[in-house]
>>> print(open('structure_4.cif').read())   # mmCIF, C-alpha atoms
data_upload
#
loop_
_atom_site.label_atom_id
_atom_site.label_comp_id
_atom_site.auth_asym_id
_atom_site.auth_seq_id
_atom_site.Cartn_x
_atom_site.Cartn_y
_atom_site.Cartn_z
CA MET I 1 59.80 13.75 15.65
CA ILE I 2 62.39 14.32 12.91
CA GLN I 3 62.74 11.31 10.63
CA PRO I 4 66.12 10.09 9.33
CA LEU I 5 66.74 11.50 5.86
CA ASP I 6 66.72 8.07 4.20
CA GLU I 7 63.33 7.00 5.58
CA ALA I 8 60.00 7.38 3.82
CA LEU I 9 58.02 10.37 5.00
CA THR I 10 55.05 9.86 7.30
CA PRO I 11 51.81 10.59 5.39
CA GLY I 12 50.46 14.09 5.86
CA LEU I 13 51.10 17.69 4.83
CA TYR I 14 54.59 19.22 4.75
CA ILE I 15 54.82 23.03 4.47
CA VAL I 16 58.20 23.68 2.86
CA ALA I 17 59.85 27.09 2.69
CA THR I 18 61.89 27.60 -0.49
CA PRO I 19 64.53 30.22 -1.44
CA ILE I 20 63.46 33.79 -2.21
CA GLY I 21 66.58 34.36 -4.31
CA ASN I 22 69.77 32.38 -3.86
CA LEU I 23 68.96 28.69 -4.31
CA SER I 24 71.68 27.82 -1.79
CA ASP I 25 69.30 29.12 0.90
CA LEU I 26 67.28 25.89 0.63
CA SER I 27 67.85 24.00 3.88
CA PRO I 28 69.08 20.39 3.84
CA ARG I 29 65.87 19.35 5.60
CA ALA I 30 63.69 21.09 3.01
CA ALA I 31 65.66 19.42 0.20
CA SER I 32 65.23 16.04 1.85
CA VAL I 33 61.47 16.46 2.26
CA LEU I 34 61.01 17.60 -1.34
CA ALA I 35 63.08 14.66 -2.62
CA ARG I 36 60.93 12.17 -0.68
CA ALA I 37 57.45 13.70 -1.05
CA ASP I 38 54.90 11.61 -2.93
CA LEU I 39 53.46 14.79 -4.45
CA ILE I 40 54.36 18.49 -4.37
CA ALA I 41 51.59 21.11 -4.55
CA VAL I 42 53.09 24.10 -6.37
CA GLU I 43 52.22 27.59 -7.59
CA ASP I 44 54.13 27.15 -10.85
CA SER I 45 55.61 23.78 -11.83
CA ARG I 46 58.27 25.49 -13.97
CA VAL I 47 59.64 27.36 -10.96
CA THR I 48 59.62 24.33 -8.68
CA ALA I 49 61.13 22.11 -11.41
CA LYS I 50 64.22 24.34 -11.43
CA LEU I 51 64.55 23.94 -7.68
CA LEU I 52 64.17 20.17 -7.88
CA GLN I 53 66.77 20.08 -10.64
CA ARG I 54 69.11 21.99 -8.33
CA ILE I 55 68.85 19.25 -5.69
CA GLY I 56 69.02 16.48 -8.28
CA THR I 57 65.55 15.00 -8.07
CA LYS I 58 62.25 14.79 -9.91
CA ARG I 59 58.93 14.47 -8.11
CA PRO I 60 55.27 14.53 -9.21
CA MET I 61 53.78 18.03 -9.00
CA THR I 62 50.26 19.43 -9.09
CA PRO I 63 49.20 23.09 -9.39
CA TYR I 64 47.75 24.67 -6.24
CA HIS I 65 47.04 28.41 -6.44
CA ASP I 66 44.33 31.06 -6.07
CA HIS I 67 42.46 29.99 -9.19
CA ASN I 68 42.14 26.26 -8.52
CA ALA I 69 42.63 25.83 -4.76
CA ASP I 70 38.98 25.13 -3.89
CA LYS I 71 38.74 22.49 -6.61
CA VAL I 72 42.06 20.79 -5.92
CA ARG I 73 42.06 20.88 -2.11
CA PRO I 74 39.66 17.95 -1.40
CA GLY I 75 41.76 15.58 -3.51
CA LEU I 76 44.95 16.62 -1.73
CA ILE I 77 43.32 16.12 1.66
CA GLU I 78 42.23 12.62 0.68
CA ARG I 79 45.72 11.71 -0.52
CA MET I 80 47.29 12.84 2.77
CA GLY I 81 45.78 9.79 4.42
CA SER I 82 48.35 7.57 2.70
CA GLN I 83 50.87 9.91 1.08
CA ALA I 84 53.27 12.72 2.01
CA ILE I 85 52.12 15.91 0.30
CA ALA I 86 54.54 18.87 0.24
CA LEU I 87 53.26 22.42 -0.21
CA VAL I 88 55.56 25.07 -1.69
CA SER I 89 55.16 28.57 -3.08
CA ASP I 90 57.26 29.97 -5.91
CA ALA I 91 59.52 31.62 -3.34
CA GLY I 92 59.64 31.90 0.42
CA THR I 93 57.35 30.48 3.08
CA PRO I 94 53.95 29.11 1.99
CA LEU I 95 50.81 30.68 3.51
CA ILE I 96 52.36 34.19 3.48
CA SER I 97 50.05 36.08 1.09
CA ASP I 98 48.78 32.88 -0.54
CA PRO I 99 45.79 30.54 -0.04
CA GLY I 100 47.69 27.76 1.75
CA PHE I 101 46.06 28.30 5.16
CA LYS I 102 42.87 26.59 3.96
CA LEU I 103 44.84 23.48 3.07
CA VAL I 104 46.38 23.44 6.55
CA ARG I 105 42.99 24.01 8.18
CA ASP I 106 41.31 21.20 6.27
CA ALA I 107 44.25 18.83 6.76
CA ARG I 108 44.04 19.32 10.52
CA ALA I 109 40.26 18.90 10.47
CA ALA I 110 40.74 15.57 8.66
CA GLY I 111 43.18 14.41 11.33
CA HIS I 112 46.31 14.46 9.17
CA VAL I 113 49.77 15.29 10.47
CA VAL I 114 50.92 18.81 9.49
CA THR I 115 54.65 19.57 9.59
CA THR I 116 56.41 22.84 8.81
CA ILE I 117 59.92 23.05 7.40
CA PRO I 118 60.85 26.69 8.10
CA GLY I 119 63.11 28.80 5.97
CA PRO I 120 63.25 32.02 3.94
CA CYS I 121 60.51 34.66 4.19
CA ALA I 122 60.81 37.96 2.29
CA ALA I 123 58.90 39.94 4.93
CA ILE I 124 61.21 38.91 7.77
CA ALA I 125 64.36 39.19 5.67
CA ALA I 126 63.43 42.75 4.66
CA LEU I 127 62.67 43.64 8.27
CA THR I 128 66.20 42.64 9.25
CA LEU I 129 67.65 44.85 6.50
CA ALA I 130 65.59 47.98 7.16
CA GLY I 131 67.10 49.18 10.42
CA LEU I 132 63.65 50.02 11.81
CA PRO I 133 62.15 48.81 15.12
CA THR I 134 61.59 45.06 15.17
CA ASP I 135 60.04 44.56 18.62
CA ARG I 136 56.53 44.87 17.15
CA PHE I 137 55.63 44.53 13.47
CA PHE I 138 52.45 44.11 11.44
CA PHE I 139 52.47 42.30 8.09
CA LEU I 140 49.81 43.48 5.63
CA GLY I 141 50.84 41.77 2.39
CA PHE I 142 49.70 43.52 -0.80
CA LEU I 143 47.50 46.59 -0.41
CA PRO I 144 44.32 46.71 -2.54
CA ALA I 145 44.78 47.90 -6.12
CA LYS I 146 41.85 50.35 -6.14
CA GLU I 147 42.64 53.78 -4.71
CA LYS I 148 39.68 54.04 -2.31
CA ALA I 149 40.21 50.55 -0.92
CA LYS I 150 43.94 51.21 -0.58
CA ALA I 151 43.34 54.48 1.28
CA ASP I 152 40.89 52.76 3.63
CA ALA I 153 43.36 49.95 4.34
CA ILE I 154 46.10 52.48 5.14
CA ALA I 155 43.78 54.47 7.41
CA GLU I 156 42.96 51.31 9.37
CA VAL I 157 46.59 50.87 10.44
CA ALA I 158 47.63 54.52 10.82
CA ALA I 159 47.45 54.37 14.62
CA VAL I 160 49.07 50.94 14.99
CA ARG I 161 52.23 51.41 17.06
CA ALA I 162 54.34 48.91 15.15
CA THR I 163 56.57 48.70 12.12
CA LEU I 164 54.45 47.92 9.05
CA ILE I 165 55.42 45.47 6.30
CA PHE I 166 53.93 45.51 2.79
CA TYR I 167 54.58 43.64 -0.45
CA GLU I 168 54.45 45.69 -3.65
CA SER I 169 55.20 45.53 -7.36
CA GLY I 170 57.59 47.84 -9.19
CA PRO I 171 55.03 49.68 -11.34
CA ARG I 172 52.85 50.50 -8.30
CA LEU I 173 55.67 51.29 -5.87
CA ALA I 174 55.96 55.08 -6.20
CA ALA I 175 52.20 55.64 -6.01
CA THR I 176 51.90 53.37 -2.98
CA LEU I 177 54.76 55.13 -1.18
CA ALA I 178 53.13 58.51 -1.86
CA GLN I 179 49.78 57.27 -0.59
CA LEU I 180 51.41 55.83 2.53
CA ALA I 181 53.00 59.22 3.19
CA VAL I 182 49.59 60.89 2.98
CA GLY I 183 47.81 58.31 5.11
CA LEU I 184 50.49 57.63 7.72
CA GLY I 185 52.55 60.80 7.75
CA ASP I 186 56.04 61.10 6.28
CA ARG I 187 57.59 58.30 8.34
CA GLU I 188 60.97 56.63 8.02
CA ALA I 189 60.78 53.67 5.65
CA ALA I 190 62.78 51.22 3.59
CA VAL I 191 62.36 49.56 0.21
CA ALA I 192 64.02 46.14 -0.02
CA ARG I 193 64.27 44.26 -3.30
CA GLU I 194 66.02 41.28 -4.88
CA ILE I 195 66.65 39.89 -1.39
CA SER I 196 69.44 37.26 -1.32
CA LYS I 197 70.04 37.72 -5.04
CA THR I 198 73.10 39.23 -6.73
CA PHE I 199 71.67 42.76 -6.79
CA GLU I 200 70.07 42.80 -3.34
CA GLN I 201 69.24 46.37 -2.35
CA CYS I 202 67.68 48.12 0.63
CA VAL I 203 67.09 51.87 0.27
CA THR I 204 66.03 53.89 3.32
CA GLY I 205 64.53 57.36 3.72
CA THR I 206 61.23 59.06 4.36
CA LEU I 207 58.16 57.81 2.51
CA SER I 208 58.00 60.99 0.42
CA SER I 209 61.68 60.87 -0.54
CA LEU I 210 61.38 57.21 -1.53
CA ALA I 211 58.24 57.96 -3.57
CA GLU I 212 60.17 60.67 -5.43
CA ARG I 213 63.14 58.34 -5.99
CA TYR I 214 61.04 55.65 -7.64
CA GLU I 215 58.64 57.92 -9.54
CA GLU I 216 60.82 58.12 -12.63
CA ALA I 217 62.52 54.74 -12.33
CA PRO I 218 60.23 51.96 -11.08
CA PRO I 219 62.39 49.06 -9.86
CA LYS I 220 62.16 45.47 -11.03
CA GLY I 221 61.98 42.34 -8.92
CA GLU I 222 60.14 41.39 -5.76
CA ILE I 223 59.71 44.35 -3.41
CA VAL I 224 59.06 44.70 0.32
CA VAL I 225 58.19 48.07 1.86
CA ILE I 226 58.96 48.56 5.56
CA VAL I 227 57.42 51.57 7.33
CA GLY I 228 58.48 52.69 10.78
CA PRO I 229 55.96 53.12 13.61
CA PRO I 230 54.32 56.48 14.36
CA GLY I 231 56.01 58.96 16.69
CA GLU I 232 55.12 59.24 20.34
CA ALA I 233 51.47 60.07 20.92
CA ALA I 234 50.73 63.52 22.27
CA ALA I 235 50.14 63.67 26.02
CA PRO I 236 46.43 63.72 26.86
CA GLN I 237 44.98 67.09 27.85
CA ALA I 238 43.64 67.67 31.37
CA ALA I 239 40.11 68.16 30.05
CA ASP I 240 40.29 64.86 28.20
CA ILE I 241 41.53 63.06 31.31
CA ASP I 242 38.69 64.52 33.39
CA ALA I 243 36.16 63.49 30.75
CA ALA I 244 37.55 59.95 30.69
CA LEU I 245 37.43 59.69 34.49
CA ILE I 246 33.88 61.06 34.67
CA GLU I 247 32.71 58.61 32.03
CA ALA I 248 34.46 55.69 33.71
CA MET I 249 32.94 56.56 37.08
CA THR I 250 29.45 56.22 35.62
CA ARG I 251 30.24 52.50 35.31
CA LEU I 252 32.89 51.81 37.95
CA PRO I 253 33.98 52.79 41.48
CA ALA I 254 36.57 55.58 41.56
CA ALA I 255 39.51 53.24 42.16
CA LYS I 256 38.65 50.99 39.22
CA ALA I 257 37.86 54.00 37.02
CA ALA I 258 41.32 55.39 37.79
CA GLY I 259 42.85 52.03 36.93
CA GLU I 260 41.02 51.90 33.59
CA VAL I 261 42.12 55.41 32.61
CA ALA I 262 45.68 54.71 33.79
CA LYS I 263 45.84 51.70 31.51
CA ALA I 264 44.54 53.72 28.56
CA THR I 265 46.78 56.76 29.06
CA GLY I 266 49.87 55.47 30.81
CA LEU I 267 49.43 58.05 33.58
CA PRO I 268 50.03 57.13 37.25
CA ARG I 269 47.02 55.39 38.78
CA ARG I 270 47.51 57.13 42.14
CA ASP I 271 47.34 60.61 40.58
CA LEU I 272 44.26 59.64 38.59
CA TYR I 273 42.55 58.28 41.70
CA THR I 274 43.21 61.55 43.51
CA ARG I 275 41.74 63.48 40.59
CA ALA I 276 38.77 61.13 40.42
CA MET I 277 37.97 61.73 44.08
CA THR I 278 38.17 65.49 43.50
CA LEU I 279 35.78 65.25 40.56
CA LYS I 280 33.45 63.10 42.61
CA ASP I 281 33.37 65.68 45.42
CA GLU I 282 32.73 68.49 42.92
CA ALA I 283 29.83 66.67 41.30
#
>>> encode(input="structure_4.cif", output="structure tokens")
Amino acid sequence: MIQPLDEALTPGLYIVATPIGNLSDLSPRAASVLARADLIAVEDSRVTAKLLQRIGTKRPMTPYHDHNADKVRPGLIERMGSQAIALVSDAGTPLISDPGFKLVRDARAAGHVVTTIPGPCAAIAALTLAGLPTDRFFFLGFLPAKEKAKADAIAEVAAVRATLIFYESGPRLAATLAQLAVGLGDREAAVAREISKTFEQCVTGTLSSLAERYEEAPPKGEIVVIVGPPGEAAAPQAADIDAALIEAMTRLPAAKAAGEVAKATGLPRRDLYTRAMTLKDEA
């Protein structure tokens, strides 16, 4: 239930999305919740203070970030029994590449009300700018800093048939784009930065061309990399289909084996059943 804006907030946890650039993107509901919260858990009080100043209010704040979350969380959970606690990140939607999910998990476990106030998210905003398929996408946040770990993380998603979304910093951008090109193939991609700010930019091209573009001039600001899905998979070879049917028929009747292989390959079940029966007769 949405409370009238002049009423006190019900005790519990309020997850509040804040602007990723233009402060005018803060929703009226988010402003109202922040103005009425008993306490705001923040990444950086200096950043949130500017936002509160924008909406003409001052509220108590407490740091909540990677380095102190485990220590601070129990106290916040206890206070939710009688107070409205708002959770914000420096920019965008909390819990996206930050430790907020543990606060939500523990708040629910303690029986507290958890409410989300949706709003800006850099990953989704960049996806809308990129002009790449949006029907399926996979958010991966920041890739590991170490080269081996980064290469392994890229290899894990190379076959995922979805648009991929990464966060990255300017100094690491060119190297990451080059490594993505090696691990994923030279796919279509986009680099979005300064979203909703004065110098918002979204540059598109292949991963290799983007890596070359940013090699000599690393960009500033918050950066989102969007990578298109892989091309169509090669059609399975006849020998591979026969092998899959033979293996499946060691566990299943021919009809079910054909159904399993049809699901895996996208080939017509009827044709696969006919082939399965032929293989069975030849055995």
>>> resolve_selection(input="structure_4.cif", expression="the PyMOL selection byres ((chain I and resi 42-46) around 8)", output="VMD selection string")
chain I and resid 40 to 41 47 to 50 61 to 65 87 to 90
>>> write_last_selection(input="structure_4.cif", atoms="C-alpha atoms", output="PDB file, in the coordinates of the input")
ATOM      1  CA  ILE I  40      54.360  18.490  -4.370  1.00  0.00           C
ATOM      2  CA  ALA I  41      51.590  21.110  -4.550  1.00  0.00           C
ATOM      3  CA  VAL I  47      59.640  27.360 -10.960  1.00  0.00           C
ATOM      4  CA  THR I  48      59.620  24.330  -8.680  1.00  0.00           C
ATOM      5  CA  ALA I  49      61.130  22.110 -11.410  1.00  0.00           C
ATOM      6  CA  LYS I  50      64.220  24.340 -11.430  1.00  0.00           C
ATOM      7  CA  MET I  61      53.780  18.030  -9.000  1.00  0.00           C
ATOM      8  CA  THR I  62      50.260  19.430  -9.090  1.00  0.00           C
ATOM      9  CA  PRO I  63      49.200  23.090  -9.390  1.00  0.00           C
ATOM     10  CA  TYR I  64      47.750  24.670  -6.240  1.00  0.00           C
ATOM     11  CA  HIS I  65      47.040  28.410  -6.440  1.00  0.00           C
ATOM     12  CA  LEU I  87      53.260  22.420  -0.210  1.00  0.00           C
ATOM     13  CA  VAL I  88      55.560  25.070  -1.690  1.00  0.00           C
ATOM     14  CA  SER I  89      55.160  28.570  -3.080  1.00  0.00           C
ATOM     15  CA  ASP I  90      57.260  29.970  -5.910  1.00  0.00           C
TER      16      ASP I  90
END
>>> residues_around(input="structure_4.cif", residues="Asp242 of chain I", least_positions_apart="4", cutoff="8 Å", atoms="all atoms listed in the file", output="PyMOL selection string")
chain I and resi 238+246+275-276+279
>>> resolve_selection(input="structure_4.cif", expression="the PyMOL selection byres ((chain I and resi 214-217) around 10)", output="ChimeraX atom specification")
/I:170-175,177-178,209-213,218-220
>>> residues_around(input="structure_4.cif", residues="segment 252-255 of chain I", least_positions_apart="3", cutoff="8 Å", atoms="all atoms listed in the file", output="PyMOL selection string")
chain I and resi 248-249+258-259+273+276-277
>>> atom_distance(input="structure_4.cif", atom1="atom CA of Pro28 of chain I", atom2="atom CA of Ile117 of chain I")
10.2 Å
>>> residues_around(input="structure_4.cif", residues="Ser208 of chain I", least_positions_apart="6", cutoff="9 Å", atoms="all atoms listed in the file", output="ChimeraX atom specification")
/I:177-178,180-182,186-187
>>> resolve_selection(input="structure_4.cif", expression="the PyMOL selection byres ((chain I and resi 91-96) around 12)", output="PyMOL selection string")
chain I and resi 14-23+25-27+30+41-44+47-48+50-51+64-66+86-90+97-105+116-125+139-142+166-167+194-196+222
>>> axis_aligned_box(input="structure_4.cif", around="segment 237-245 of chain I", padding_each_side="6 Å", output="JSON")
{"center_x": 40.6, "center_y": 63.9, "center_z": 31.2, "size_x": 20.8, "size_y": 20.5, "size_z": 18.6}
>>> closest_residue(input="structure_4.cif", among="I:Asp106, I:Pro144, I:Glu200, I:Val225", to="Leu164 of chain I", atoms="all atoms listed in the file")
I:Val225
>>> atom_distance(input="structure_4.cif", atom1="atom CA of Pro230 of chain I", atom2="atom CA of Ala192 of chain I")
20.2 Å
>>> residues_around(input="structure_4.cif", residues="Arg136 of chain I", least_positions_apart="3", cutoff="8 Å", atoms="only C-alpha atoms", output="list of chain:residue names")
I:Pro133, I:Arg161, I:Ala162, I:Thr163
>>> atom_distance(input="structure_4.cif", atom1="atom CA of Arg193 of chain I", atom2="atom CA of Thr134 of chain I")
18.7 Å
>>> residues_around(input="structure_4.cif", residues="Thr265 of chain I", least_positions_apart="3", cutoff="8 Å", atoms="all atoms listed in the file", output="MDAnalysis selection string")
chainID I and resid 236 261:262
>>> closest_residue(input="structure_4.cif", among="I:Gly185, I:Pro229, I:Pro60, I:Gly12", to="Arg108 of chain I", atoms="only C-alpha atoms")
I:Gly12
>>> closest_residue(input="structure_4.cif", among="I:Gly56, I:Thr250, I:Ala69, I:Lys146", to="Ala283 of chain I", atoms="all atoms listed in the file")
I:Thr250
>>> closest_residue(input="structure_4.cif", among="I:Ala264, I:Val224, I:Ala31, I:Asp38", to="Asp240 of chain I", atoms="all atoms listed in the file")
I:Ala264
>>> closest_residue(input="structure_4.cif", among="I:Val227, I:Ile85, I:Leu76, I:Ala126", to="Leu9 of chain I", atoms="all atoms listed in the file")
I:Ile85
>>> closest_residue(input="structure_4.cif", among="I:Cys202, I:Ala130, I:Leu272, I:Ala151", to="Gly228 of chain I", atoms="only C-alpha atoms")
I:Ala130
